[in-house]
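Asker: Contents of model_32.csv (CSV, C-alpha atoms):
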```csv
chain,number,residue,atom,x,y,z
A,24,MET,CA,20.9,-29.2,6.7
A,25,PHE,CA,18.9,-26.3,5.5
A,26,PHE,CA,19.9,-23.8,3.0
A,27,ALA,CA,18.7,-20.4,1.8
A,28,HIS,CA,15.2,-19.4,3.1
A,29,LEU,CA,14.6,-22.9,4.5
A,30,ARG,CA,17.4,-22.2,7.0
A,31,ASP,CA,15.7,-18.9,8.0
A,32,ALA,CA,12.4,-20.8,8.4
A,33,VAL,CA,13.9,-23.5,10.6
A,34,GLY,CA,16.1,-21.1,12.5
A,35,GLU,CA,19.1,-23.3,12.4
A,36,GLU,CA,21.6,-24.5,9.8
A,37,SER,CA,21.1,-28.1,10.7
A,38,VAL,CA,19.3,-30.4,13.0
A,39,THR,CA,20.1,-34.0,14.0
A,40,LEU,CA,17.4,-36.6,13.8
A,41,GLU,CA,17.0,-40.4,14.0
A,42,LEU,CA,16.0,-41.2,10.4
A,43,SER,CA,17.9,-44.4,9.4
A,44,GLY,CA,15.8,-46.8,7.4
A,45,LYS,CA,13.4,-44.0,6.4
A,46,THR,CA,13.3,-42.6,2.9
A,47,VAL,CA,14.2,-39.1,1.8
A,48,GLY,CA,10.4,-38.7,1.1
A,49,ASP,CA,9.6,-39.7,4.6
A,50,ALA,CA,12.1,-37.2,6.0
A,51,LYS,CA,10.6,-34.4,3.8
A,52,GLU,CA,7.1,-35.1,5.2
A,53,LEU,CA,8.3,-35.2,8.7
A,54,LEU,CA,10.3,-32.0,8.5
A,55,SER,CA,7.7,-30.1,6.6
A,56,LYS,CA,5.2,-30.8,9.3
A,57,GLN,CA,7.6,-30.2,12.2
A,58,TYR,CA,9.0,-26.9,10.9
A,59,ARG,CA,6.0,-25.8,8.7
A,60,LEU,CA,8.0,-25.8,5.5
A,61,ASN,CA,7.2,-26.4,1.9
A,62,LEU,CA,9.7,-28.9,0.7
A,63,ASP,CA,7.8,-29.8,-2.4
A,64,THR,CA,10.3,-28.4,-4.8
A,65,ALA,CA,13.4,-28.3,-2.6
A,66,MET,CA,16.2,-30.5,-3.9
A,67,ALA,CA,17.5,-33.1,-1.6
A,68,ALA,CA,21.1,-34.2,-1.4
A,69,VAL,CA,22.5,-37.1,0.7
A,70,ASN,CA,26.2,-36.7,1.5
A,71,GLU,CA,26.4,-34.0,-1.3
A,72,GLU,CA,24.8,-36.2,-3.9
A,73,PHE,CA,21.4,-35.4,-5.4
A,74,ALA,CA,18.9,-37.9,-4.0
A,75,GLY,CA,15.4,-39.0,-5.0
A,76,ASN,CA,12.4,-39.4,-2.7
A,77,GLU,CA,12.8,-43.2,-2.6
A,78,ASP,CA,16.4,-43.2,-1.4
A,79,VAL,CA,16.8,-44.8,2.0
A,80,LEU,CA,18.8,-43.0,4.7
A,81,LYS,CA,21.5,-44.6,6.9
A,82,ASP,CA,23.1,-43.7,10.2
A,83,GLY,CA,25.5,-40.8,9.7
A,84,ASP,CA,24.1,-39.6,6.5
A,85,VAL,CA,24.0,-35.8,5.9
A,86,LEU,CA,20.7,-34.8,4.3
A,87,ALA,CA,20.6,-31.3,2.8
A,88,PHE,CA,17.7,-29.4,1.4
A,89,ILE,CA,18.3,-26.8,-1.2
A,90,PRO,CA,15.3,-24.8,-2.3
A,91,PRO,CA,15.3,-23.4,-5.8
A,92,VAL,CA,16.0,-19.7,-5.7
A,93,SER,CA,14.5,-17.5,-8.4
A,94,GLY,CA,16.1,-14.0,-8.0
A,95,GLY,CA,18.4,-12.5,-10.6
B,16,MET,CA,43.1,-6.3,-31.2
B,17,ASP,CA,45.1,-9.2,-29.8
B,18,ASP,CA,46.6,-6.7,-27.4
B,19,ARG,CA,43.3,-6.1,-25.8
B,20,TYR,CA,42.9,-9.8,-25.1
B,21,SER,CA,46.5,-10.6,-24.4
B,22,ARG,CA,46.0,-11.4,-20.8
B,23,GLN,CA,43.2,-13.8,-21.7
B,24,ILE,CA,45.2,-15.4,-24.5
B,25,LEU,CA,48.0,-16.0,-22.0
B,26,PHE,CA,45.6,-18.2,-20.0
B,27,SER,CA,46.4,-21.5,-21.6
B,28,PRO,CA,43.0,-23.2,-21.5
B,29,ILE,CA,41.9,-20.3,-23.8
B,30,GLY,CA,45.0,-19.3,-25.8
B,31,LYS,CA,44.8,-17.9,-29.3
B,32,SER,CA,42.5,-20.5,-30.7
B,33,GLY,CA,40.1,-20.1,-27.7
B,34,GLN,CA,40.0,-16.3,-28.3
B,35,GLU,CA,39.1,-16.9,-32.0
B,36,LYS,CA,36.4,-19.3,-30.9
B,37,LEU,CA,35.0,-16.6,-28.5
B,38,ARG,CA,34.8,-14.1,-31.4
B,39,SER,CA,32.7,-16.5,-33.4
B,40,LYS,CA,30.1,-17.2,-30.8
B,41,HIS,CA,26.7,-15.8,-30.1
B,42,VAL,CA,25.3,-15.6,-26.5
B,43,LEU,CA,21.6,-15.0,-25.8
B,44,MET,CA,21.2,-13.4,-22.4
B,45,ILE,CA,17.7,-13.4,-21.0
B,46,GLY,CA,17.4,-10.6,-18.4
B,47,ALA,CA,19.5,-7.4,-18.0
B,48,GLY,CA,19.1,-7.0,-14.2
B,49,ALA,CA,21.7,-8.0,-11.6
B,50,LEU,CA,22.9,-11.2,-13.2
B,51,GLY,CA,22.5,-9.8,-16.7
B,52,SER,CA,24.6,-6.7,-16.0
B,53,GLY,CA,27.4,-8.7,-14.6
B,54,ASN,CA,27.5,-11.6,-17.1
B,55,GLY,CA,27.0,-9.1,-19.9
B,56,GLU,CA,30.0,-7.1,-18.9
B,57,VAL,CA,32.3,-10.1,-18.3
B,58,LEU,CA,31.5,-11.6,-21.7
B,59,THR,CA,31.6,-8.3,-23.6
B,60,ARG,CA,35.0,-7.6,-22.1
B,61,ALA,CA,36.1,-11.1,-23.0
B,62,GLY,CA,35.4,-10.4,-26.6
B,63,ILE,CA,32.6,-12.7,-27.7
B,64,GLY,CA,31.2,-12.2,-31.1
B,65,LYS,CA,27.6,-11.3,-30.5
B,66,LEU,CA,25.4,-10.7,-27.5
B,67,THR,CA,21.6,-10.6,-27.6
B,68,ILE,CA,20.0,-9.1,-24.5
B,69,ILE,CA,16.3,-9.2,-23.7
B,70,ASP,CA,14.6,-7.4,-20.8
B,71,ARG,CA,11.1,-6.1,-20.3
B,72,ASP,CA,12.0,-3.6,-17.5
B,73,TYR,CA,13.4,-0.1,-17.1
B,74,VAL,CA,16.1,1.2,-14.8
B,75,GLU,CA,15.0,2.2,-11.3
B,76,ALA,CA,16.9,3.7,-8.3
B,77,SER,CA,16.9,0.5,-6.3
B,78,ASN,CA,18.7,-1.3,-9.2
B,79,LEU,CA,21.8,0.8,-8.6
B,80,GLN,CA,22.8,-1.1,-5.5
B,81,ARG,CA,23.8,-4.2,-7.5
B,82,GLN,CA,23.2,-3.8,-11.2
B,83,GLN,CA,26.6,-2.8,-12.3
B,84,LEU,CA,25.9,-1.5,-15.8
B,85,TYR,CA,23.5,1.3,-14.7
B,86,THR,CA,24.0,4.9,-13.6
B,87,GLU,CA,21.9,7.6,-12.0
B,88,GLU,CA,21.4,9.2,-15.4
B,89,ASP,CA,19.8,5.9,-16.7
B,90,VAL,CA,17.4,6.2,-13.7
B,91,ARG,CA,16.6,9.8,-14.4
B,92,GLU,CA,15.8,9.0,-18.0
B,93,LYS,CA,13.9,5.8,-17.1
B,94,LEU,CA,15.8,4.0,-19.8
B,95,PRO,CA,14.8,0.4,-20.6
B,96,LYS,CA,17.4,-1.9,-19.2
B,97,ALA,CA,18.1,-3.6,-22.5
B,98,VAL,CA,18.8,-0.2,-24.1
B,99,ALA,CA,21.0,1.1,-21.2
B,100,ALA,CA,22.9,-2.2,-21.2
B,101,GLU,CA,23.5,-2.0,-25.0
B,102,LYS,CA,24.8,1.6,-24.6
B,103,ARG,CA,27.2,0.8,-21.8
B,104,LEU,CA,28.5,-2.5,-23.2
B,105,GLY,CA,29.0,-0.8,-26.6
B,106,ALA,CA,31.2,1.8,-24.9
B,107,ILE,CA,33.2,-1.0,-23.2
B,108,ASN,CA,33.9,-3.1,-26.3
B,109,SER,CA,32.8,-1.8,-29.7
B,110,ASP,CA,34.0,-5.1,-31.3
B,111,VAL,CA,31.1,-7.0,-29.8
B,112,SER,CA,27.9,-7.0,-31.8
B,113,ILE,CA,25.1,-6.2,-29.3
B,114,VAL,CA,21.5,-6.6,-30.0
B,115,SER,CA,19.0,-5.3,-27.4
B,116,ILE,CA,15.3,-6.3,-27.3
B,117,VAL,CA,13.0,-4.5,-25.0
B,118,GLY,CA,10.2,-7.0,-24.4
B,119,ASP,CA,8.8,-10.0,-22.5
B,120,ALA,CA,10.8,-13.2,-23.1
B,121,THR,CA,7.8,-15.4,-24.0
B,122,PRO,CA,8.4,-18.9,-25.4
B,123,GLU,CA,7.1,-17.8,-28.9
B,124,MET,CA,9.5,-14.8,-29.0
B,125,LEU,CA,12.4,-16.8,-27.7
B,126,GLU,CA,11.9,-19.7,-30.1
B,127,ASP,CA,12.4,-17.3,-33.0
B,128,LEU,CA,15.8,-16.4,-31.6
B,129,MET,CA,17.2,-19.9,-31.3
B,130,GLY,CA,18.6,-20.1,-34.8
B,131,ASP,CA,22.2,-19.1,-34.4
B,132,VAL,CA,22.6,-19.1,-30.6
B,133,ASP,CA,25.6,-21.0,-29.1
B,134,LEU,CA,24.7,-20.5,-25.4
B,135,ILE,CA,21.8,-19.2,-23.3
B,136,LEU,CA,22.6,-17.3,-20.1
B,137,ASP,CA,19.9,-17.3,-17.4
B,138,ALA,CA,19.7,-13.8,-16.0
B,139,THR,CA,16.0,-14.0,-15.3
B,140,ASP,CA,14.0,-13.5,-12.1
B,141,ASN,CA,11.3,-16.1,-12.2
B,142,PHE,CA,10.9,-19.8,-12.8
B,143,GLU,CA,8.3,-19.7,-15.5
B,144,THR,CA,10.8,-18.1,-17.9
B,145,ARG,CA,13.5,-20.5,-16.7
B,146,MET,CA,11.4,-23.6,-17.4
B,147,ALA,CA,10.6,-22.2,-20.9
B,148,ILE,CA,14.3,-21.6,-21.5
B,149,ASN,CA,14.9,-25.2,-20.2
B,150,ASP,CA,12.5,-26.6,-22.8
B,151,LEU,CA,13.9,-24.6,-25.6
B,152,SER,CA,17.4,-25.6,-24.6
B,153,GLN,CA,16.4,-29.3,-24.9
B,154,LYS,CA,14.4,-28.8,-28.1
B,155,HIS,CA,17.2,-26.9,-29.9
B,156,GLN,CA,20.1,-28.7,-28.2
B,157,ILE,CA,21.6,-25.4,-26.9
B,158,PRO,CA,23.4,-25.4,-23.5
B,159,TRP,CA,22.2,-23.0,-20.8
B,160,ILE,CA,23.5,-21.9,-17.5
B,161,TYR,CA,21.1,-21.5,-14.6
B,162,GLY,CA,21.9,-18.8,-12.0
B,163,ALA,CA,20.0,-17.3,-9.2
B,164,CYS,CA,20.5,-15.3,-6.0
B,165,VAL,CA,18.6,-13.8,-3.1
B,166,GLY,CA,19.8,-12.4,0.2
B,167,SER,CA,23.3,-13.7,0.6
B,168,TYR,CA,22.6,-17.0,-1.2
B,169,GLY,CA,23.4,-17.9,-4.8
B,170,MET,CA,23.4,-21.0,-6.9
B,171,SER,CA,24.3,-22.1,-10.4
B,172,PHE,CA,24.2,-25.2,-12.6
B,173,THR,CA,25.3,-25.8,-16.1
B,174,ILE,CA,22.8,-27.7,-18.3
B,175,ILE,CA,24.0,-29.4,-21.4
B,176,PRO,CA,21.3,-31.2,-23.5
B,177,GLY,CA,22.2,-34.9,-23.9
B,178,LYS,CA,24.7,-34.8,-21.1
B,179,THR,CA,23.3,-33.4,-17.8
B,180,PRO,CA,20.0,-33.5,-16.1
B,181,CYS,CA,17.8,-30.5,-17.0
B,182,LEU,CA,15.9,-28.1,-14.7
B,183,ASN,CA,12.7,-30.1,-15.1
B,184,CYS,CA,14.5,-33.2,-13.8
B,185,LEU,CA,15.4,-31.2,-10.7
B,186,LEU,CA,12.2,-29.3,-10.0
B,187,LYS,CA,9.4,-31.3,-11.7
B,188,LYS,CA,7.1,-28.3,-11.5
B,189,ILE,CA,7.2,-24.5,-11.3
B,190,PRO,CA,7.9,-23.5,-7.7
B,191,ILE,CA,5.6,-20.9,-6.4
B,192,GLN,CA,6.4,-18.4,-3.7
B,193,GLY,CA,10.1,-18.6,-3.8
B,194,MET,CA,12.0,-15.9,-2.0
B,195,THR,CA,12.5,-13.0,-4.4
B,196,CYS,CA,14.8,-9.9,-4.1
B,197,ASP,CA,11.7,-7.8,-3.3
B,198,THR,CA,10.8,-10.0,-0.4
B,199,GLY,CA,14.1,-11.3,0.8
B,200,GLY,CA,16.6,-8.6,-0.1
B,201,ILE,CA,19.9,-9.2,-1.8
B,202,ILE,CA,23.5,-8.1,-1.4
B,203,GLY,CA,26.0,-7.2,-4.2
B,204,PRO,CA,28.5,-9.9,-3.4
B,205,ALA,CA,25.9,-12.7,-3.8
B,206,VAL,CA,25.2,-11.4,-7.3
B,207,GLN,CA,28.9,-11.2,-8.1
B,208,MET,CA,29.5,-14.8,-6.9
B,209,VAL,CA,26.7,-16.1,-9.2
B,210,ILE,CA,28.1,-14.0,-12.1
B,211,ALA,CA,31.6,-15.4,-11.6
B,212,HIS,CA,30.3,-19.0,-11.7
B,213,GLN,CA,28.0,-18.5,-14.7
B,214,SER,CA,30.5,-16.5,-16.8
B,215,ALA,CA,33.4,-18.9,-16.1
B,216,GLU,CA,31.2,-21.8,-17.2
B,217,ALA,CA,30.2,-19.7,-20.3
B,218,LEU,CA,33.8,-19.1,-21.2
B,219,LYS,CA,34.5,-22.9,-21.0
B,220,ILE,CA,31.6,-23.7,-23.2
B,221,LEU,CA,32.3,-20.9,-25.8
B,222,VAL,CA,36.0,-22.0,-26.2
B,223,GLU,CA,34.7,-25.6,-26.3
B,224,ASP,CA,36.6,-26.9,-23.3
B,225,TRP,CA,33.8,-29.4,-22.5
B,226,ASP,CA,36.0,-31.4,-20.1
B,227,SER,CA,36.4,-28.4,-17.8
B,228,VAL,CA,32.7,-27.6,-17.6
B,229,ARG,CA,31.5,-28.1,-14.0
B,230,ASP,CA,29.1,-30.9,-13.5
B,231,THR,CA,28.0,-30.2,-10.0
B,232,PHE,CA,25.2,-27.9,-8.7
B,233,THR,CA,26.9,-25.2,-6.7
B,234,SER,CA,25.2,-23.1,-4.0
B,235,PHE,CA,26.7,-20.8,-1.4
B,236,ASP,CA,25.9,-18.4,1.3
B,237,LEU,CA,28.4,-15.6,1.6
B,238,TRP,CA,27.0,-14.3,4.9
B,239,ARG,CA,27.0,-17.7,6.7
B,240,ASN,CA,30.1,-18.9,5.0
B,241,GLN,CA,28.6,-22.1,3.4
B,242,TYR,CA,29.5,-23.7,0.1
B,243,THR,CA,28.0,-26.8,-1.3
B,244,SER,CA,28.6,-28.8,-4.5
B,245,MET,CA,26.0,-31.4,-5.2
B,246,LYS,CA,26.9,-34.3,-7.5
B,247,MET,CA,24.2,-34.7,-10.0
B,248,GLY,CA,24.8,-38.2,-11.4
B,249,ARG,CA,21.4,-39.5,-10.1
B,250,ALA,CA,19.3,-36.5,-11.0
B,251,LYS,CA,18.6,-37.2,-14.6
B,252,ASP,CA,15.0,-38.4,-15.0
B,253,GLU,CA,14.4,-40.7,-18.0
B,254,GLY,CA,10.7,-39.9,-17.7
B,255,CYS,CA,11.3,-36.1,-17.8
B,256,LEU,CA,8.9,-34.4,-20.1
B,257,SER,CA,11.6,-31.9,-21.2
B,258,CYS,CA,14.7,-34.1,-21.7
B,259,GLY,CA,13.6,-37.7,-21.3
B,260,THR,CA,12.6,-40.4,-23.8
B,261,SER,CA,9.0,-39.1,-24.3
B,262,ARG,CA,9.3,-35.4,-24.5
B,263,GLU,CA,6.4,-32.9,-24.5
B,264,TYR,CA,8.2,-29.6,-23.8
B,265,PRO,CA,5.3,-28.7,-21.4
B,266,TYR,CA,6.6,-25.2,-20.7
B,267,LEU,CA,6.3,-24.2,-24.3
B,268,GLU,CA,2.6,-25.0,-24.2
B,269,LYS,CA,0.3,-22.0,-23.6
B,270,ASP,CA,-1.8,-24.0,-21.1
B,271,ASN,CA,1.0,-24.4,-18.8
B,272,LEU,CA,1.9,-20.8,-18.6
B,273,SER,CA,0.5,-18.1,-16.5
B,274,ARG,CA,-2.3,-16.3,-18.2
B,275,SER,CA,-2.7,-12.5,-17.9
B,276,THR,CA,-5.7,-10.6,-19.0
B,277,VAL,CA,-6.6,-7.0,-18.9
B,278,LEU,CA,-9.8,-6.6,-17.0
B,279,CYS,CA,-12.4,-4.9,-19.1
B,280,GLY,CA,-13.1,-1.3,-18.1
B,281,ARG,CA,-10.6,-1.3,-15.2
B,282,ASP,CA,-7.1,-0.3,-15.1
B,283,THR,CA,-6.2,-3.8,-13.9
B,284,VAL,CA,-4.4,-6.9,-15.1
B,285,GLN,CA,-5.2,-10.3,-13.8
B,286,ILE,CA,-2.5,-12.9,-13.5
B,287,ARG,CA,-3.3,-16.5,-13.2
B,288,PRO,CA,-0.4,-18.8,-12.2
B,289,PRO,CA,0.1,-22.0,-14.2
B,290,ARG,CA,-1.5,-24.1,-11.5
B,291,GLN,CA,-3.6,-23.4,-8.4
B,292,SER,CA,-1.5,-23.3,-5.3
B,293,ALA,CA,-2.2,-22.4,-1.7
B,294,ILE,CA,-0.2,-19.3,-0.9
B,295,ASP,CA,0.6,-18.7,2.7
B,296,LEU,CA,-0.9,-15.2,2.8
B,297,SER,CA,-0.1,-14.4,6.4
B,298,ASP,CA,3.6,-15.3,5.9
B,299,LEU,CA,3.8,-13.1,2.8
B,300,ALA,CA,1.9,-10.3,4.5
B,301,ASN,CA,4.2,-10.3,7.5
B,302,ARG,CA,7.4,-10.4,5.4
B,303,LEU,CA,6.1,-7.5,3.3
B,304,ALA,CA,5.1,-5.5,6.4
B,305,THR,CA,8.6,-6.0,7.9
B,306,LEU,CA,10.0,-4.6,4.7
B,307,GLN,CA,7.9,-1.4,5.2
B,308,TYR,CA,5.4,-2.2,2.4
B,309,GLU,CA,1.8,-1.0,3.0
B,310,VAL,CA,-0.1,-4.2,3.4
B,311,LYS,CA,-3.6,-5.1,4.2
B,312,ALA,CA,-4.6,-8.7,4.6
B,313,ASN,CA,-7.6,-11.0,5.4
B,314,PRO,CA,-7.9,-14.8,5.2
B,315,TYR,CA,-8.7,-14.6,1.5
B,316,LEU,CA,-6.3,-12.1,0.0
B,317,LEU,CA,-3.7,-9.5,0.7
B,318,SER,CA,-3.4,-6.1,-0.9
B,319,VAL,CA,0.0,-4.3,-1.1
B,320,GLU,CA,1.1,-1.0,-2.6
B,321,MET,CA,3.9,-1.4,-5.0
B,322,GLY,CA,5.0,1.9,-6.4
B,323,GLU,CA,2.2,3.3,-8.5
B,324,GLN,CA,0.3,0.0,-8.6
B,325,ARG,CA,-1.6,-1.9,-6.0
B,326,VAL,CA,-1.4,-5.7,-6.1
B,327,VAL,CA,-3.9,-8.0,-4.7
B,328,ILE,CA,-2.9,-11.7,-4.2
B,329,PHE,CA,-5.5,-14.4,-3.6
B,330,LYS,CA,-5.0,-17.6,-1.6
B,331,ASP,CA,-4.9,-19.6,-4.8
B,332,GLY,CA,-2.0,-17.6,-6.2
B,333,ARG,CA,-4.1,-15.4,-8.6
B,334,GLY,CA,-3.1,-11.8,-8.7
B,335,LEU,CA,-4.7,-8.5,-9.6
B,336,VAL,CA,-2.4,-5.6,-10.5
B,337,HIS,CA,-4.3,-2.4,-10.3
B,338,GLY,CA,-3.1,0.8,-12.0
B,339,THR,CA,-1.8,-0.7,-15.2
B,340,LYS,CA,-3.1,-2.2,-18.4
B,341,ASP,CA,0.3,-3.3,-19.5
B,342,MET,CA,0.4,-7.2,-19.2
B,343,SER,CA,4.1,-7.4,-19.3
B,344,GLN,CA,4.6,-4.8,-16.5
B,345,ALA,CA,1.9,-6.5,-14.4
B,346,ARG,CA,3.5,-9.9,-14.8
B,347,SER,CA,6.8,-8.3,-13.8
B,348,ILE,CA,5.3,-6.8,-10.6
B,349,TYR,CA,3.5,-10.0,-9.7
B,350,GLN,CA,6.7,-12.1,-10.1
B,351,LYS,CA,8.6,-9.6,-7.9
B,352,LEU,CA,6.3,-10.7,-5.1
B,353,LEU,CA,6.0,-14.4,-5.8
B,354,GLY,CA,9.0,-15.4,-7.9
```
Translate this file's structure into structure tokens.

Answerer:
Amino acid sequence: MFFAHLRDAVGEESVTLELSGKTVGDAKELLSKQYRLNLDTAMAAVNEEFAGNEDVLKDGDVLAFIPPVSGG
Amino acid sequence: MDDRYSRQILFSPIGKSGQEKLRSKHVLMIGAGALGSGNGEVLTRAGIGKLTIIDRDYVEASNLQRQQLYTEEDVREKLPKAVAAEKRLGAINSDVSIVSIVGDATPEMLEDLMGDVDLILDATDNFETRMAINDLSQKHQIPWIYGACVGSYGMSFTIIPGKTPCLNCLLKKIPIQGMTCDTGGIIGPAVQMVIAHQSAEALKILVEDWDSVRDTFTSFDLWRNQYTSMKMGRAKDEGCLSCGTSREYPYLEKDNLSRSTVLCGRDTVQIRPPRQSAIDLSDLANRLATLQYEVKANPYLLSVEMGEQRVVIFKDGRGLVHGTKDMSQARSIYQKLLG
């Protein structure tokens, strides 16, 4: 799932991919290449829980990317 | 006096004792823009003891769409935001002691204010200042509430030293080229939603209802009808340089901040970001052109007219702001483009 300007860049709110066994870090690399995104500082959450790059994904997991927003 | 706050006192988590606690508390609010206006007004109406507001900018017409404290007269008079905010808030509640500071919220300047502050409210528009606030919060053990919005999105997270992860745990470095309100637009409701989240958290902290403080990271999109609450249990980084076991408070170090210098003989200020970074110039140029800015770009840099100034951004993130010698104003303009 993509939030804020990442969603605009991807063009969709979410995409479904085969990622089980891969890490969050792997997913970041894959997605940033595929959609030309910068996921460097985006926060990643797996099933609504903050996840680190080394966390391993399982079938059915919902991986969300929330970029830091700076406006105010 | 109790009559004024009667409806708040009737709210049992606050009650009479909570109201008395509010009156004894001092909130430092950094920024008097969209988030600052709203948070400032809620807390002033709620009857806190003291509010210190810092802002380096002045009121402009485009602020009126979402910065609730300001009027057309403030725009005509080009009043500094901190001054206009103090005026308006003073008229709303004369019981609250309001201190306004017109200036750049640099780490040195902020450090001097930490003395008797109970809570820091984030109403800023850039990450450099937020990371400095984050370090100061850890160093002086003062809670702060992150809030930000752009487009129809908003987010907020309450950071309590010793208890929650800090912003550095989450970001690990200053993000460059975030979407800003000048490049992505913003709607009033998104601002209001962030204000509601931040000020509710503020009230809980000020009346010391620590159990009720929200421990999730909230984000929402009011146009696409999305809400998320991220659990943060695994976000705390023991190696974090701001809140971990070996602290360095990196964002209070001059080396890690952007450096601005007035270029000799020219009406120009150069801004160097804290670290070199590859900016996607064509993406930024396209976005600015879509927003009707006058942009010229080549593979090495882009040049855009912003009001009376012209800004040149290089691929490595360095910026030149032509038409001013005021470093604070130049940094402000640069950050409007790059966050």

Asker: By how many Å are CA of Thr243 in chain B and CA of Glu35 in chain A apart?

Answerer: 16.7 Å

Asker: Nearest to Val47 in chain A: which of A:Glu77, A:Asp63, A:Glu71, A:Asp31 is it, counting all atoms listed in the file?

Answerer: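 The closest residue to Val47 in chain A is A:Glu77.
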
Asker: Quick one: residues within 7 Å of Pro90 in chain A, all atoms listed in the file counted, chain neighbours fewer than 4 positions away excluded, as a list in words?

Answerer: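 Here the qualifying residues turn out to be Ala27, Thr64, Ala65 and Met66 of chain A.
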
Asker: Show which residues sit within 7 Å of Gly44 in chain A, as a list of chain:residue names. Count only C-alpha atoms, and ignore same-chain residues fewer than 2 positions away.

Answerer: A:Leu42, A:Thr46, A:Val79, A:Leu80, A:Lys81

Asker: Just need the residues of chain A within 10 Å of chain B, counting only C-alpha atoms, so spit them out as an MDAnalysis selection string.

Answerer: chainID A and resid 26:29 36 61 63:75 87 89:95

Asker: I want to know what sits within 8 Å of range 267-273 of chain B, based on all atoms listed in the file, with residues of the same chain fewer than 4 positions away left out; could you give that as a count of residues only?

Answerer: 11

Asker: Considering all atoms listed in the file, state which residue in the set B:Ile116, B:Met44, B:Leu306, B:Val74 is at the smallest distance from Ile160 in chain B.

Answerer: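 Closest residue, counting all atoms listed in the file: B:Met44.
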
Asker: What does the distance between CA of Ile107 in chain B and CA of Trp225 in chain B come to in Å, to one decimal place?

Answerer: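 Value for the CA of Ile107 in chain B-CA of Trp225 in chain B distance: 28.4 Å.
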
Asker: When you look at Pro95 in chain B with a cut-off of 12 Å (counting all atoms listed in the file), what residues show up, excluding the ones that are within fewer than 3 positions of it in the same chain? I need them as a list in words.

Answerer: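 Near Pro95 in chain B, the qualifying residues are Gly46, Ala47, Gly48, Ile68, Ile69, Asp70, Arg71, Asp72, Tyr73, Val74, Glu75, Tyr85, Asp89, Val90, Arg91, Glu92, Val98, Ala99, Ala100, Glu101, Lys102, Ser115, Ile116, Val117 and Gly118 of chain B.
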
Asker: To one decimal in Å, tell me the separation between CA of Gln344 in chain B and CA of Leu128 in chain B.

Answerer: 22.1 Å

Asker: Neighbouring residues of Gly62 in chain B were defined as those with any atom within 9 Å, considering only C-alpha atoms; residues of the same chain fewer than 6 positions away were excluded. Please report them as a PyMOL selection string.

Answerer: chain B and resi 20+34+37-38+108+110-111

Asker: Generate the output file for the selected residues, C-alpha atoms, as a short mmCIF file (atom, residue, chain, number, x, y, z; two decimals), keeping the file's coordinate frame.

Answerer:
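Output below, filename selection_1.cif:
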```
data_model
loop_
_atom_site.label_atom_id
_atom_site.label_comp_id
_atom_site.auth_asym_id
_atom_site.auth_seq_id
_atom_site.Cartn_x
_atom_site.Cartn_y
_atom_site.Cartn_z
CA TYR B 20 42.90 -9.80 -25.10
CA GLN B 34 40.00 -16.30 -28.30
CA LEU B 37 35.00 -16.60 -28.50
CA ARG B 38 34.80 -14.10 -31.40
CA ASN B 108 33.90 -3.10 -26.30
CA ASP B 110 34.00 -5.10 -31.30
CA VAL B 111 31.10 -7.00 -29.80
#
```

Asker: Would you list the residues near (21.9, -36.1, 12.6), meaning any protein, DNA or RNA residue with an atom at most 8 Å from that point in file coordinates, counting all atoms listed in the file, as an MDAnalysis selection string?

Answerer: chainID A and resid 38:41 83:85

Asker: With distances taken over only C-alpha atoms, which of A:Leu86, A:Ala32, A:Asp78, A:Phe25 is nearest to Tyr58 in chain A?

Answerer: A:Ala32

Asker: So, with all atoms listed in the file as the atoms that count, which of B:Arg81, B:Lys311, B:Leu125, B:Ile174 lies closest to Ile202 in chain B?

Answerer: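 Nearest candidate to Ile202 in chain B out of B:Arg81, B:Lys311, B:Leu125, B:Ile174: B:Arg81.
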
Asker: Could you complete range 44-51 of chain A so that it carries N, CA and C atoms, and give it back as a compact mmCIF listing (two decimals), in the coordinates of the input?

Answerer:
```txt
# COMPACT_ATOMS: atom_id res chain seq x y z
N GLY A 44 16.79 -45.85 7.90
CA GLY A 44 15.80 -46.80 7.40
C GLY A 44 14.62 -46.02 6.75
N LYS A 45 14.49 -44.73 7.05
CA LYS A 45 13.40 -44.00 6.40
C LYS A 45 13.91 -43.46 5.05
N THR A 46 12.95 -43.10 4.20
CA THR A 46 13.30 -42.60 2.90
C THR A 46 13.46 -41.05 2.96
N VAL A 47 14.05 -40.51 1.90
CA VAL A 47 14.20 -39.10 1.80
C VAL A 47 12.75 -38.46 1.78
N GLY A 48 11.84 -39.13 1.09
CA GLY A 48 10.40 -38.70 1.10
C GLY A 48 9.81 -38.62 2.44
N ASP A 49 10.10 -39.66 3.24
CA ASP A 49 9.60 -39.70 4.60
C ASP A 49 10.15 -38.49 5.38
N ALA A 50 11.45 -38.28 5.24
CA ALA A 50 12.10 -37.20 6.00
C ALA A 50 11.46 -35.84 5.55
N LYS A 51 11.17 -35.70 4.26
CA LYS A 51 10.60 -34.40 3.80
C LYS A 51 9.23 -34.20 4.48
```
